[in-house]
Structures are given as structure tokens and as C-alpha cells.
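*Asks:* input.cif is reproduced in full below (mmCIF, C-alpha atoms).
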data_structure
loop_
_atom_site.label_atom_id
_atom_site.label_comp_id
_atom_site.auth_asym_id
_atom_site.auth_seq_id
_atom_site.Cartn_x
_atom_site.Cartn_y
_atom_site.Cartn_z
CA MET A 149 -7.62 -16.50 -34.26
CA THR A 150 -10.31 -17.32 -31.68
CA LEU A 151 -10.45 -14.62 -29.02
CA PRO A 152 -10.33 -15.74 -25.35
CA PRO A 153 -13.62 -15.47 -23.43
CA LEU A 154 -14.01 -12.01 -21.88
CA THR A 155 -15.47 -13.42 -18.64
CA ALA A 156 -12.45 -15.67 -18.17
CA LEU A 157 -10.06 -12.76 -18.85
CA ARG A 158 -11.89 -10.65 -16.28
CA ALA A 159 -11.68 -13.44 -13.71
CA PHE A 160 -7.94 -13.79 -14.35
CA ASP A 161 -7.39 -10.02 -14.07
CA CYS A 162 -9.25 -9.82 -10.75
CA ALA A 163 -7.40 -12.83 -9.33
CA ALA A 164 -3.94 -11.78 -10.56
CA ARG A 165 -3.93 -8.45 -8.68
CA PRO A 166 -4.46 -9.79 -5.12
CA ARG A 167 -3.22 -13.33 -5.97
CA SER A 168 -6.51 -14.66 -4.56
CA PHE A 169 -9.56 -16.39 -6.04
CA THR A 170 -11.53 -15.47 -2.91
CA ARG A 171 -10.90 -11.74 -3.24
CA ALA A 172 -11.53 -11.92 -6.98
CA GLY A 173 -14.87 -13.58 -6.26
CA GLN A 174 -15.78 -10.81 -3.81
CA GLU A 175 -15.01 -8.20 -6.46
CA LEU A 176 -17.01 -10.00 -9.14
CA GLY A 177 -19.86 -11.12 -6.88
CA VAL A 178 -19.29 -14.83 -7.46
CA THR A 179 -17.71 -17.70 -5.54
CA ALA A 180 -13.99 -18.43 -5.46
CA ALA A 181 -14.75 -21.77 -7.15
CA ALA A 182 -16.43 -19.93 -10.04
CA VAL A 183 -13.36 -17.73 -10.49
CA SER A 184 -11.12 -20.81 -10.46
CA LEU A 185 -13.23 -22.46 -13.17
CA GLN A 186 -13.05 -19.35 -15.36
CA VAL A 187 -9.27 -19.21 -14.96
CA ARG A 188 -8.98 -22.88 -15.88
CA ALA A 189 -11.04 -22.17 -19.00
CA LEU A 190 -8.57 -19.42 -19.92
CA GLU A 191 -5.64 -21.76 -19.27
CA ASP A 192 -7.25 -24.36 -21.55
CA HIS A 193 -7.75 -21.70 -24.22
CA PHE A 194 -4.09 -20.62 -24.19
CA GLY A 195 -2.68 -24.07 -23.44
CA ARG A 196 -0.61 -22.50 -20.65
CA ARG A 197 -0.73 -22.58 -16.85
CA LEU A 198 -1.27 -19.06 -15.54
CA PHE A 199 -1.19 -19.74 -11.79
CA LEU A 200 0.68 -22.12 -9.53
CA ARG A 201 -1.85 -23.34 -6.97
CA GLN A 202 -0.27 -24.23 -3.60
CA GLY A 203 -3.09 -24.74 -1.12
CA ASN A 204 -4.71 -21.34 -0.66
CA ARG A 205 -1.69 -19.56 -2.13
CA LEU A 206 -1.59 -18.40 -5.76
CA THR A 207 1.56 -17.49 -7.66
CA LEU A 208 1.66 -16.26 -11.24
CA THR A 209 3.64 -18.46 -13.61
CA ASP A 210 5.94 -16.93 -16.24
CA ALA A 211 3.03 -17.09 -18.67
CA GLY A 212 0.72 -15.42 -16.15
CA ARG A 213 3.21 -12.63 -15.48
CA ALA A 214 3.66 -12.11 -19.21
CA ILE A 215 -0.03 -11.55 -19.96
CA GLN A 216 -1.18 -9.88 -16.72
CA PRO A 217 -0.01 -6.30 -17.54
CA ARG A 218 -1.48 -6.55 -21.04
CA VAL A 219 -4.83 -7.84 -19.75
CA ASP A 220 -4.90 -5.08 -17.13
CA LEU A 221 -4.10 -2.50 -19.81
CA ALA A 222 -6.83 -3.89 -22.08
CA PHE A 223 -9.49 -3.51 -19.39
CA ALA A 224 -8.25 0.01 -18.65
CA GLU A 225 -8.66 0.83 -22.36
CA LEU A 226 -12.20 -0.58 -22.28
CA ALA A 227 -12.92 1.68 -19.31
CA HIS A 228 -11.63 4.66 -21.33
CA LEU A 229 -13.85 3.62 -24.23
CA ALA A 230 -16.90 3.44 -21.97
CA GLN A 231 -16.07 6.88 -20.58
CA ASP A 232 -15.66 8.34 -24.09
CA LEU A 233 -19.09 6.97 -25.02
CA GLY A 234 -20.65 8.70 -22.04
CA GLN A 235 -21.11 5.58 -19.93
CA GLU A 236 -20.20 5.21 -16.26
CA ALA A 237 -16.64 3.85 -16.10
CA GLY A 238 -16.11 3.76 -12.38
CA PRO A 239 -15.53 6.50 -9.81
CA SER A 240 -14.44 9.88 -11.21
CA ARG A 241 -12.21 10.53 -8.21
CA VAL A 242 -8.81 8.98 -7.61
CA VAL A 243 -8.71 6.86 -4.46
CA LEU A 244 -5.66 7.89 -2.41
CA SER A 245 -4.93 5.02 -0.02
CA CYS A 246 -2.45 5.81 2.76
CA LEU A 247 -0.71 3.99 5.59
CA PRO A 248 -2.21 5.24 8.93
CA SER A 249 1.05 6.52 10.42
CA LEU A 250 1.89 8.35 7.19
CA ALA A 251 -1.56 9.94 6.96
CA ASP A 252 -1.60 11.13 10.59
CA HIS A 253 1.88 12.61 10.73
CA TRP A 254 2.75 13.67 7.18
CA LEU A 255 0.16 13.49 4.42
CA LEU A 256 -2.67 15.74 5.62
CA PRO A 257 -0.53 18.89 5.99
CA GLN A 258 1.08 18.19 2.60
CA LEU A 259 -2.30 18.01 0.85
CA SER A 260 -3.47 21.42 2.11
CA GLY A 261 -1.97 23.26 -0.87
CA PHE A 262 -2.95 20.75 -3.57
CA ASP A 263 -5.29 22.57 -5.97
CA ARG A 264 -7.09 19.38 -7.10
CA LEU A 265 -7.93 18.10 -3.64
CA GLY A 266 -11.58 17.68 -4.64
CA ASP A 267 -10.57 15.00 -7.14
CA LEU A 268 -9.16 12.76 -4.40
CA GLU A 269 -10.88 10.30 -2.06
CA LEU A 270 -8.64 9.58 0.93
CA ARG A 271 -8.65 6.14 2.56
CA VAL A 272 -6.48 5.30 5.57
CA GLU A 273 -5.73 1.57 5.74
CA GLU A 274 -3.00 -0.99 6.43
CA ASP A 275 -1.13 -2.95 3.76
CA PRO A 276 -1.85 -4.70 1.49
CA VAL A 277 -4.70 -3.04 -0.42
CA ASP A 278 -6.24 -3.61 -3.85
CA LEU A 279 -4.99 -0.99 -6.32
CA SER A 280 -7.39 -1.74 -9.15
CA GLY A 281 -8.96 1.11 -11.08
CA ALA A 282 -8.00 4.68 -10.24
CA ALA A 283 -6.14 4.02 -6.99
CA VAL A 284 -2.82 5.24 -5.60
CA ARG A 285 -1.03 3.93 -2.49
CA LEU A 286 1.28 5.86 -0.16
CA THR A 287 3.20 3.46 2.06
CA TYR A 288 6.56 2.34 3.44
CA GLY A 289 8.40 0.17 0.94
CA ALA A 290 6.84 -1.40 -2.15
CA HIS A 291 7.20 -5.13 -1.39
CA PHE A 292 3.41 -5.66 -1.28
CA TYR A 293 2.96 -4.27 -4.79
CA PRO A 294 4.95 -6.10 -7.50
CA ASP A 295 4.28 -5.06 -11.09
CA HIS A 296 3.31 -1.54 -10.02
CA ARG A 297 4.96 1.77 -10.78
CA VAL A 298 6.94 2.90 -7.72
CA GLU A 299 8.20 6.44 -7.00
CA THR A 300 10.16 7.43 -3.90
CA LEU A 301 8.63 10.24 -1.83
CA PHE A 302 11.32 10.49 0.85
CA THR A 303 13.68 8.47 3.01
CA ASP A 304 13.69 8.68 6.80
CA GLU A 305 15.62 7.67 9.88
CA ILE A 306 14.68 6.49 13.35
CA ILE A 307 15.29 8.75 16.36
CA ALA A 308 14.57 8.38 20.09
CA VAL A 309 11.98 10.73 21.61
CA ALA A 310 10.29 11.14 24.98
CA ALA A 311 7.72 13.28 26.75
CA PRO A 312 9.09 16.69 27.86
CA GLY A 313 10.63 16.63 31.33
CA THR A 314 10.89 12.84 31.43
CA GLY A 315 14.51 13.06 32.55
CA MET A 316 15.46 9.81 30.91
CA ALA A 317 18.55 8.05 32.22
CA ARG A 318 20.29 5.39 30.15
CA LEU A 319 18.00 2.37 29.92
CA VAL A 320 19.61 -1.03 30.30
CA HIS A 321 17.70 -4.16 29.29
CA THR A 322 18.06 -7.19 31.53
CA GLU A 323 17.91 -10.59 29.85
CA TRP A 324 16.19 -12.94 32.29
CA GLY A 325 17.05 -16.09 30.39
CA PRO A 326 15.09 -18.57 28.27
CA SER A 327 12.87 -19.79 31.13
CA HIS A 328 11.34 -16.29 31.62
CA ALA A 329 9.04 -15.68 28.69
CA ALA A 330 7.21 -12.60 30.02
CA ALA A 331 9.68 -10.66 32.17
CA PRO A 332 8.77 -7.02 32.96
CA SER A 333 10.13 -4.54 30.43
CA TRP A 334 10.86 -0.81 30.27
CA ALA A 335 7.83 -0.42 28.01
CA ARG A 336 5.57 -1.80 30.75
CA TRP A 337 7.25 0.39 33.38
CA HIS A 338 6.76 3.54 31.32
CA GLN A 339 3.14 2.61 30.70
CA ALA A 340 2.51 2.21 34.44
CA ALA A 341 4.35 5.44 35.26
CA GLY A 342 2.54 7.48 32.62
CA LEU A 343 5.85 8.30 30.97
CA GLY A 344 7.21 7.16 27.68
CA ALA A 345 10.04 6.96 25.24
CA ALA A 346 9.82 5.74 21.68
CA LEU A 347 11.80 5.13 18.53
CA VAL A 348 10.03 6.99 15.73
CA PRO A 349 10.68 8.10 12.12
CA ALA A 350 12.19 11.59 12.32
CA ARG A 351 10.18 13.12 9.48
CA LEU A 352 6.89 11.81 10.81
CA ALA A 353 7.71 13.19 14.27
CA ALA A 354 8.76 16.64 12.99
CA ALA A 355 5.46 18.41 13.72
CA ASP A 356 5.26 17.09 17.31
CA LEU A 357 8.91 18.01 17.90
CA ALA A 358 8.30 21.54 16.60
CA ALA A 359 5.26 21.90 18.85
CA GLU A 360 7.36 20.58 21.81
CA LEU A 361 4.89 17.80 22.48
CA ILE A 362 7.90 15.49 22.53
CA VAL A 363 11.64 16.03 22.82
CA ARG A 364 14.45 14.25 21.06
CA LEU A 365 16.81 12.19 23.20
CA GLN A 366 20.54 12.35 22.60
CA GLY A 367 21.92 9.56 20.46
CA PRO A 368 22.44 8.47 16.87
CA ALA A 369 19.80 8.37 14.16
CA LEU A 370 19.34 4.98 12.50
CA PRO A 371 18.48 4.98 8.76
CA LEU A 372 15.36 3.08 7.72
CA PRO A 373 16.10 0.38 5.13
CA TRP A 374 13.21 1.30 2.80
CA PRO A 375 11.87 4.63 1.52
CA TYR A 376 8.32 5.90 1.77
CA VAL A 377 6.82 5.48 -1.69
CA MET A 378 3.88 6.16 -3.96
CA VAL A 379 2.70 3.16 -5.99
CA TRP A 380 0.01 2.70 -8.62
CA LYS A 381 -0.90 0.71 -11.69
CA PRO A 382 0.76 2.04 -14.86
CA SER A 383 -2.61 1.72 -16.60
CA THR A 384 -4.56 3.71 -14.01
CA ARG A 385 -7.11 6.20 -15.28
CA ARG A 386 -6.53 9.91 -14.67
CA ALA A 387 -2.78 9.51 -15.00
CA LYS A 388 -2.26 13.28 -15.28
CA LEU A 389 -3.88 13.81 -11.88
CA VAL A 390 -1.65 11.11 -10.36
CA GLU A 391 1.46 12.73 -11.86
CA ALA A 392 0.38 16.14 -10.52
CA LEU A 393 -0.11 14.64 -7.06
CA LEU A 394 3.36 13.04 -7.15
CA THR A 395 4.96 16.34 -8.15
CA HIS A 396 3.13 18.18 -5.37
CA LEU A 397 4.04 15.68 -2.64
CA ARG A 398 7.69 15.72 -3.62
CA ARG A 399 7.72 19.52 -3.54
CA ALA A 400 5.83 19.86 -0.24
#
Transcribe the structure of this file into C-alpha cells.
*Replies:*
Amino acid sequence: MTLPPLTALRAFDCAARPRSFTRAGQELGVTAAAVSLQVRALEDHFGRRLFLRQGNRLTLTDAGRAIQPRVDLAFAELAHLAQDLGQEAGPSRVVLSCLPSLADHWLLPQLSGFDRLGDLELRVEEDPVDLSGAAVRLTYGAHFYPDHRVETLFTDEIIAVAAPGTGMARLVHTEWGPSHAAAPSWARWHQAAGLGAALVPARLAAADLAAELIVRLQGPALPLPWPYVMVWKPSTRRAKLVEALLTHLRRA
């Protein structure tokens, strides 16, 4: 059997992760058009369409979804081979990518007791991010990352908080009608007064509540619909380190 061209497989792998020829081109140092041509060559080789092209939007076909994990796994194995032969196979550290709110209010204290902290490179960034190579993502919900391994870290609920001594009365919202697009709101009033109230995730607010930087207002807690999760590629290098990190974060 004639093997598919390695360059075309690489172009497909880079485009399948972000569903973008442009981002694949940035990763490979070529144009989006060059990536598209390589993918078409691969489609011609297999006699199957791998992407549905709808303007600037790419969607994997059934055939594309079938081969994508195996192609990704094959390149991961090649990276292992290069490492075993003493060649540079990418960064030795695991990139730990985290949602800003999660990093600021939860992650950093949890990492303080992790004994392999030196093996991690922390990046704080919004969704979505590229999880190629040795990369792990901590975020809310996993809808940006299909075909990834997903593990729940914790679930949370929304509570109302305010600055100490605010003396909040019950806030009633006035609906000014459809002809008033920018009516003043309580948020604007609190901003002008230097006061504030907010709806925040309870677990992420725990440290500020304990330090009495904010106080909880009376009222019900509202469950969040999605958990906070850890996601990564099943084929990621340094899987043992990733598993150790997951165990530590769940215990913390």
C-alpha cells in the first residue's frame, strides 16, 4: 500500500485541532492556501473528504473524525521516537493553560504543594487555546475541546457578594421599555458610588470571603450548569506528570 505523504498528514493534523487552515499555517510557517492544498492532496490520496468547507469555517467529516485521533497519535509516537534517539522533541515542560478567573482565585494556591512544579509552564489565557503537544487546559466546561480527555475538577455555584459595610437593600430592576436602549442600571450606580455587589462562583470567592474583603449577601445559591474541568489530548507526552497533576488538584 502507498503511504500518504507525511507533509499532507502534518498539514491535516495541524488544521484538524483548531479547525482552521489559517492557524495551521501559522504553526507550520506557511500560508493557509498551502495548508489547504496539502489537505486536498491527502483527500485525493484517500479518496475521502476530510473537511467540510463552509466559507472560513471548517468542520471534520466522518472520515476526518475517524482518522484525526490516529494521525495525532502517530505524530506523538514520532515525537517519542525522536526523544528516545536523543533529539529535541519539543519543550520538556508541560504547558498548563488556565482560564484567568480560575488562575487568580483558585489554581495558584493549589499548586503550592505540588512537588513537580518545576516541570510546569503556566499560561493564563482565554478560551479557546491550542492543546497540541504537551499541553493541559483548566477551564469552565469542555465545549471548546471536542475529542479531548476531560476530567472534572469541581462543581460550583453562584452566590451574591458585596463590599463590607455596603448595607445593601433589596435591588429592584426597572424595565424602561423597548425605546430605552441604555437606561441607567444598578451596576452603573454602584460604579459611581464606589460600592459594588456581584454574582460570583462561591469556590473562587472563598479566599476573599475568608479574608473579609467581601461579604456574602443573604439569598439562595444558584448551581452553575457546567463543572470546572481539566482537558488534554489523550496522546500528550509526559502523561504520568499530567495524571499526577490531576490527582493533586483533586486532592487540594
*Asks:* Could you jot down the atom CA of A:Phe160 to atom CA of A:Phe199 separation for me, Å, one decimal place?
*Replies:*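 These atoms are spaced 9.4 Å apart.
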*Asks:* As an exercise, work out the distance from atom CA of A:Thr303 to atom CA of A:Lys388 in Å and give it to one decimal place.
*Replies:*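 Those two atoms sit 24.7 Å apart.
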*Asks:* Can you tell me which residues surround A:Ala369 at a distance of at most 12 Å, considering only C-alpha atoms, apart from same-chain residues fewer than 2 positions away, and format the answer as a PDB file with C-alpha atoms, keeping the file's coordinate frame?
*Replies:*
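File produced: selection_29.pdb:
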ATOM      1  CA  ASP A 304      13.690   8.680   6.800  1.00  0.00           C
ATOM      2  CA  GLU A 305      15.620   7.670   9.880  1.00  0.00           C
ATOM      3  CA  ILE A 306      14.680   6.490  13.350  1.00  0.00           C
ATOM      4  CA  ILE A 307      15.290   8.750  16.360  1.00  0.00           C
ATOM      5  CA  ALA A 308      14.570   8.380  20.090  1.00  0.00           C
ATOM      6  CA  VAL A 309      11.980  10.730  21.610  1.00  0.00           C
ATOM      7  CA  LEU A 347      11.800   5.130  18.530  1.00  0.00           C
ATOM      8  CA  VAL A 348      10.030   6.990  15.730  1.00  0.00           C
ATOM      9  CA  PRO A 349      10.680   8.100  12.120  1.00  0.00           C
ATOM     10  CA  ALA A 350      12.190  11.590  12.320  1.00  0.00           C
ATOM     11  CA  ARG A 351      10.180  13.120   9.480  1.00  0.00           C
ATOM     12  CA  ARG A 364      14.450  14.250  21.060  1.00  0.00           C
ATOM     13  CA  LEU A 365      16.810  12.190  23.200  1.00  0.00           C
ATOM     14  CA  GLN A 366      20.540  12.350  22.600  1.00  0.00           C
ATOM     15  CA  GLY A 367      21.920   9.560  20.460  1.00  0.00           C
ATOM     16  CA  PRO A 371      18.480   4.980   8.760  1.00  0.00           C
ATOM     17  CA  LEU A 372      15.360   3.080   7.720  1.00  0.00           C
TER      18      LEU A 372
END
*Asks:* What's around A:Thr300 at 12 Å? Count only C-alpha atoms, leave out sequence neighbours fewer than 3 positions away in its own chain, and write the answer as an MDAnalysis selection string.
*Replies:* chainID A and resid 285:290 297 303:304 374:379 394:395 397:398
*Asks:* Of the candidates A:Leu208, A:Leu370, A:Ala159, A:Ala251, which shows the shortest atom-to-atom distance to A:Ala180, using all atoms listed in the file?
*Replies:*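 When distances to A:Ala180 are compared using all atoms listed in the file, the smallest one comes from A:Ala159.
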*Asks:* Pick from A:Leu244, A:Val178, A:Leu157, A:Ile362: nearest to A:Leu221, with all atoms listed in the file counted?
*Replies:*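 Residue with the minimum atom-to-atom distance to A:Leu221: A:Leu157.
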*Asks:* Work out how far apart atom CA of A:Pro276 and atom CA of A:Tyr293 are and give it in Å to one decimal.
*Replies:*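 These atoms are spaced 7.9 Å apart.
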*Asks:* For A:Glu299, which of A:Lys381, A:Arg386, A:His253, A:Arg171 is the closest residue, counting all atoms listed in the file?
*Replies:* A:Lys381
*Asks:* Running the PyMOL selection byres ((chain A and resi 169) around 8) on this model by hand, what would come out? Give it as a PyMOL selection string.
*Replies:* chain A and resi 163+167-168+170-173+180-181+183-184
*Asks:* Set the distance at 12 Å and use all atoms listed in the file: which residues neighbour A:Thr155 once local chain neighbours fewer than 6 positions away are removed? I'd like the list as a PyMOL selection string.
*Replies:* chain A and resi 161-162+176+178+182-190+223
